[in-house]
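Below is one structure, written out as structure tokens; the observations come after it.
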Amino acid sequence: MSYHGAILNDGKKALIGLIGIDVDGTLVGSSGVVPEHVWQAAERARAAGIRIALCSGRPAFGVAREYARRLDADGWHMFQNGASVVHLGTGESRSTPLDQKHVRELIEQARESQQVLELYSDDTYVVESDTPWASEHAELLGLPFKAERFETLAPPVVRAQWLLTPEDAQRWPAPPDLEVAHSTSPIMRGVIFVGITRQGVSKGHAIRDVASAYGVDLRDVMYVGDSGNDLSALRIVGHPVAMANADAAVIAASSYTTGDVEEGGLAQALELALRSR
């Protein structure tokens with residue numbers, strides 16, 4: 001691990017009170033299984049009084065919700081790139097929906113291009129495509145696969161997501177009035193997930209909201225991630241941590257670099273937070 005010190009400007013040692021954790025490429029690698037020593041490190045952090053919040057592009061249901069429950073069953077967690085902020089203990093939700101105009105435009109684009117588009121609410125999602133990528137992603141989410149028309153999803157829609165090749169992701173015309181974030185998964189190599197939320201909604205927006213709910217100063221927040229959709233959070237917390245397998249931009253935005261996801265490197269970041277206590 002590359003570590004540049006946890007000292008605040010006043011010379012006092014930092015006291016990390018909240019850790020935001022990405023899923024794909026951070027919590028889980030290509031096996032799709034969280035190493036046991038990572039869970040053990042998370043349990044030690046929680047026992048020491050550190051809150052842990054999942055901060056994923058994945059939705060607030062399926063396997064991601066189970067990850068969140070194991071990390072902190074009575075706390076706030078961030079899903080859908082920050083569009084869904086959910087308290088597992090109380091069921092309270094602070095979701096930010098997409099405008100219906102934008103949803104209609106995305107549906108038209110999907111039907112014209114025949115590319116894979118997913119639409120999400122807080123508790124379910126729909127995809128019209130029956131291509132292998134669509135079914136593989138349902139399996140990754142821990143959900144049964146069924147292609148259905150977009151209109152079957154009851155509003156509000158909080159997030160849309162394209163599944164694109166790297167070349168198509170570069171060519172895709174990002175709307176100027178929406179928040180767009182790219183991410184990847186070591187389980188679905190060759191796929192770029194292009195997440196779309198309302199303008200201003202991001203993981204950074206969500207981690208700020210959760211830190212405020214817990215009364216934790218952003219200087220005392222650690223965030224661990226690996227992809228472009230983590231940058232908004234990494235840039236505002238006091239302890240930004242990149243996985244060794246992270247994108248170059250993520251490493252550049254971080255003060256610390258931990259081990260590779262395939263080696264359970266997240267545990268090193270959790271132990272670092274524990275040493276601040």
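Ordering of the structure tokens sets the chain letters (A, B, ...); residue numbers start at 1 within each chain; ligands are numbered from 1 in the order shown.
If you count only C-alpha atoms and ignore residues fewer than 3 places along the chain from Gly190 (chain A), what sits within 9 Å of it is Leu164, Thr165, Pro166, Thr184 and Ser185 of chain A.
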As a PyMOL selection string, please: the residues near Phe79 (chain A) (cut-off 7 Å, only C-alpha atoms, same-chain neighbours under 6 positions excluded). chain A and resi 55-60+85
Go ahead and write the residues just picked, C-alpha atoms, as a compact mmCIF listing (two decimals), in the first residue's frame.
```
# COMPACT_ATOMS: atom_id res chain seq x y z
CA CYS A 55 -21.48 3.24 -2.58
CA SER A 56 -22.26 1.39 -5.76
CA GLY A 57 -23.53 1.85 -9.27
CA ARG A 58 -25.59 -1.27 -8.60
CA PRO A 59 -29.24 -0.95 -7.50
CA ALA A 60 -30.59 -1.17 -3.97
CA VAL A 85 -29.66 6.71 -0.78
```
Select from region 28-133 of chain A everything DSSP, run on the backbone, classes as strand (DSSP E or B), then give the selection as a list in words.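 Secondary structure check on region 28-133 of chain A, strand (DSSP E or B): Val28, Arg51, Ile52, Ala53, Leu54, Cys55, Trp76, His77, Met78, Phe79, Ser84, Val85, Val86, His87, Ser93, Val116, Leu117, Glu118, Leu119, Tyr120, Tyr125, Val126 and Val127 of chain A.
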Would you write out those residues with C-alpha atoms, as an mmCIF file, in the first residue's frame?
```cif
data_model
loop_
_atom_site.group_PDB
_atom_site.id
_atom_site.type_symbol
_atom_site.label_atom_id
_atom_site.label_comp_id
_atom_site.auth_asym_id
_atom_site.auth_seq_id
_atom_site.Cartn_x
_atom_site.Cartn_y
_atom_site.Cartn_z
ATOM 1 C CA VAL A 28 -15.538 -7.919 -5.363
ATOM 2 C CA ARG A 51 -19.713 3.543 9.882
ATOM 3 C CA ILE A 52 -19.416 1.741 6.531
ATOM 4 C CA ALA A 53 -21.564 2.659 3.556
ATOM 5 C CA LEU A 54 -21.774 0.768 0.293
ATOM 6 C CA CYS A 55 -21.479 3.242 -2.575
ATOM 7 C CA TRP A 76 -27.199 4.462 5.202
ATOM 8 C CA HIS A 77 -26.028 3.081 1.864
ATOM 9 C CA MET A 78 -25.687 4.607 -1.586
ATOM 10 C CA PHE A 79 -26.787 2.841 -4.762
ATOM 11 C CA SER A 84 -30.712 5.958 -4.363
ATOM 12 C CA VAL A 85 -29.655 6.710 -0.782
ATOM 13 C CA VAL A 86 -31.341 4.157 1.470
ATOM 14 C CA HIS A 87 -31.319 3.476 5.206
ATOM 15 C CA SER A 93 -35.104 6.639 0.952
ATOM 16 C CA VAL A 116 -28.693 -2.559 -24.184
ATOM 17 C CA LEU A 117 -30.415 -0.004 -21.964
ATOM 18 C CA GLU A 118 -31.614 -0.671 -18.405
ATOM 19 C CA LEU A 119 -34.033 1.525 -16.454
ATOM 20 C CA TYR A 120 -34.103 1.415 -12.641
ATOM 21 C CA TYR A 125 -35.428 -2.599 -13.023
ATOM 22 C CA VAL A 126 -36.398 -3.418 -16.596
ATOM 23 C CA VAL A 127 -34.469 -4.205 -19.776
#
```
Which residues, written as a list in words, have at least one atom at most 10 Å from Glu128 (chain A), with only C-alpha atoms counted and residues fewer than 6 positions away on the same chain left out? Ile107, Ala110, Arg111, Gln114, Gln115, Val116, Leu117, Glu118, Leu119, Ala134, Lys146, Ala147, Glu148, Arg149, Phe150 and Glu151 of chain A
Would you export the selected residues with C-alpha atoms as a PDB file, in the first residue's frame, please?
```
ATOM      1  CA  ILE A 107     -36.046   4.701 -24.657  1.00  0.00           C
ATOM      2  CA  ALA A 110     -32.389   2.270 -27.294  1.00  0.00           C
ATOM      3  CA  ARG A 111     -35.066   1.114 -29.688  1.00  0.00           C
ATOM      4  CA  GLN A 114     -30.747  -1.857 -30.463  1.00  0.00           C
ATOM      5  CA  GLN A 115     -28.124  -1.314 -27.722  1.00  0.00           C
ATOM      6  CA  VAL A 116     -28.693  -2.559 -24.184  1.00  0.00           C
ATOM      7  CA  LEU A 117     -30.415  -0.004 -21.964  1.00  0.00           C
ATOM      8  CA  GLU A 118     -31.614  -0.671 -18.405  1.00  0.00           C
ATOM      9  CA  LEU A 119     -34.033   1.525 -16.454  1.00  0.00           C
ATOM     10  CA  ALA A 134     -28.507  -8.327 -20.609  1.00  0.00           C
ATOM     11  CA  LYS A 146     -36.689 -11.448 -17.986  1.00  0.00           C
ATOM     12  CA  ALA A 147     -36.807  -9.050 -20.938  1.00  0.00           C
ATOM     13  CA  GLU A 148     -39.813  -6.708 -20.692  1.00  0.00           C
ATOM     14  CA  ARG A 149     -40.962  -3.487 -22.307  1.00  0.00           C
ATOM     15  CA  PHE A 150     -39.684  -0.331 -20.627  1.00  0.00           C
ATOM     16  CA  GLU A 151     -43.238   0.875 -20.010  1.00  0.00           C
TER      17      GLU A 151
END
```
DSSP on the backbone, helix (DSSP H, G or I) only: what residues of region 34-173 of chain A does that give? Format it as a PyMOL selection string. chain A and resi 36-47+63-71+80-82+100-113+132-141+150-152+166-171
Give me the residues of region 56-104 of chain A that have any atom at most 8 Å from an atom of region 196-206 of chain A; for each, the nearest atom pair and the distance in Å, rounded to one decimal. Use only C-alpha atoms, sort by chain and number, and format it as CSV.
```
residue,atom,partner,partner_atom,distance
A:Ser56,CA,A:Lys203,CA,7.9
A:Met78,CA,A:Ala206,CA,6.4
A:Asn81,CA,A:Lys203,CA,5.1
A:Gly82,CA,A:Lys203,CA,4.6
A:Ala83,CA,A:Val201,CA,6.1
A:Val85,CA,A:Ala206,CA,6.8
A:Thr96,CA,A:Arg198,CA,7.1
A:Pro97,CA,A:Arg198,CA,6.7
A:Leu98,CA,A:Arg198,CA,5.2
A:Asp99,CA,A:Arg198,CA,7.4
```
So that I can see what lies close to Gly142 (chain A), please list as JSON, numbers by chain the residues with an atom at most 7 Å from it, counting only C-alpha atoms and leaving out residues fewer than 2 positions away in the same chain. {"A": [62, 63, 138, 139, 140]}
Please produce a file of those selected residues containing C-alpha atoms, as a PDB file, in the first residue's frame.
```pdb
ATOM      1  CA  GLY A  62     -30.307  -8.124  -5.298  1.00  0.00           C
ATOM      2  CA  VAL A  63     -26.826  -9.057  -4.132  1.00  0.00           C
ATOM      3  CA  ALA A 138     -28.971  -9.864 -14.361  1.00  0.00           C
ATOM      4  CA  GLU A 139     -26.911 -12.782 -13.070  1.00  0.00           C
ATOM      5  CA  LEU A 140     -24.240 -10.373 -11.830  1.00  0.00           C
TER       6      LEU A 140
END
```
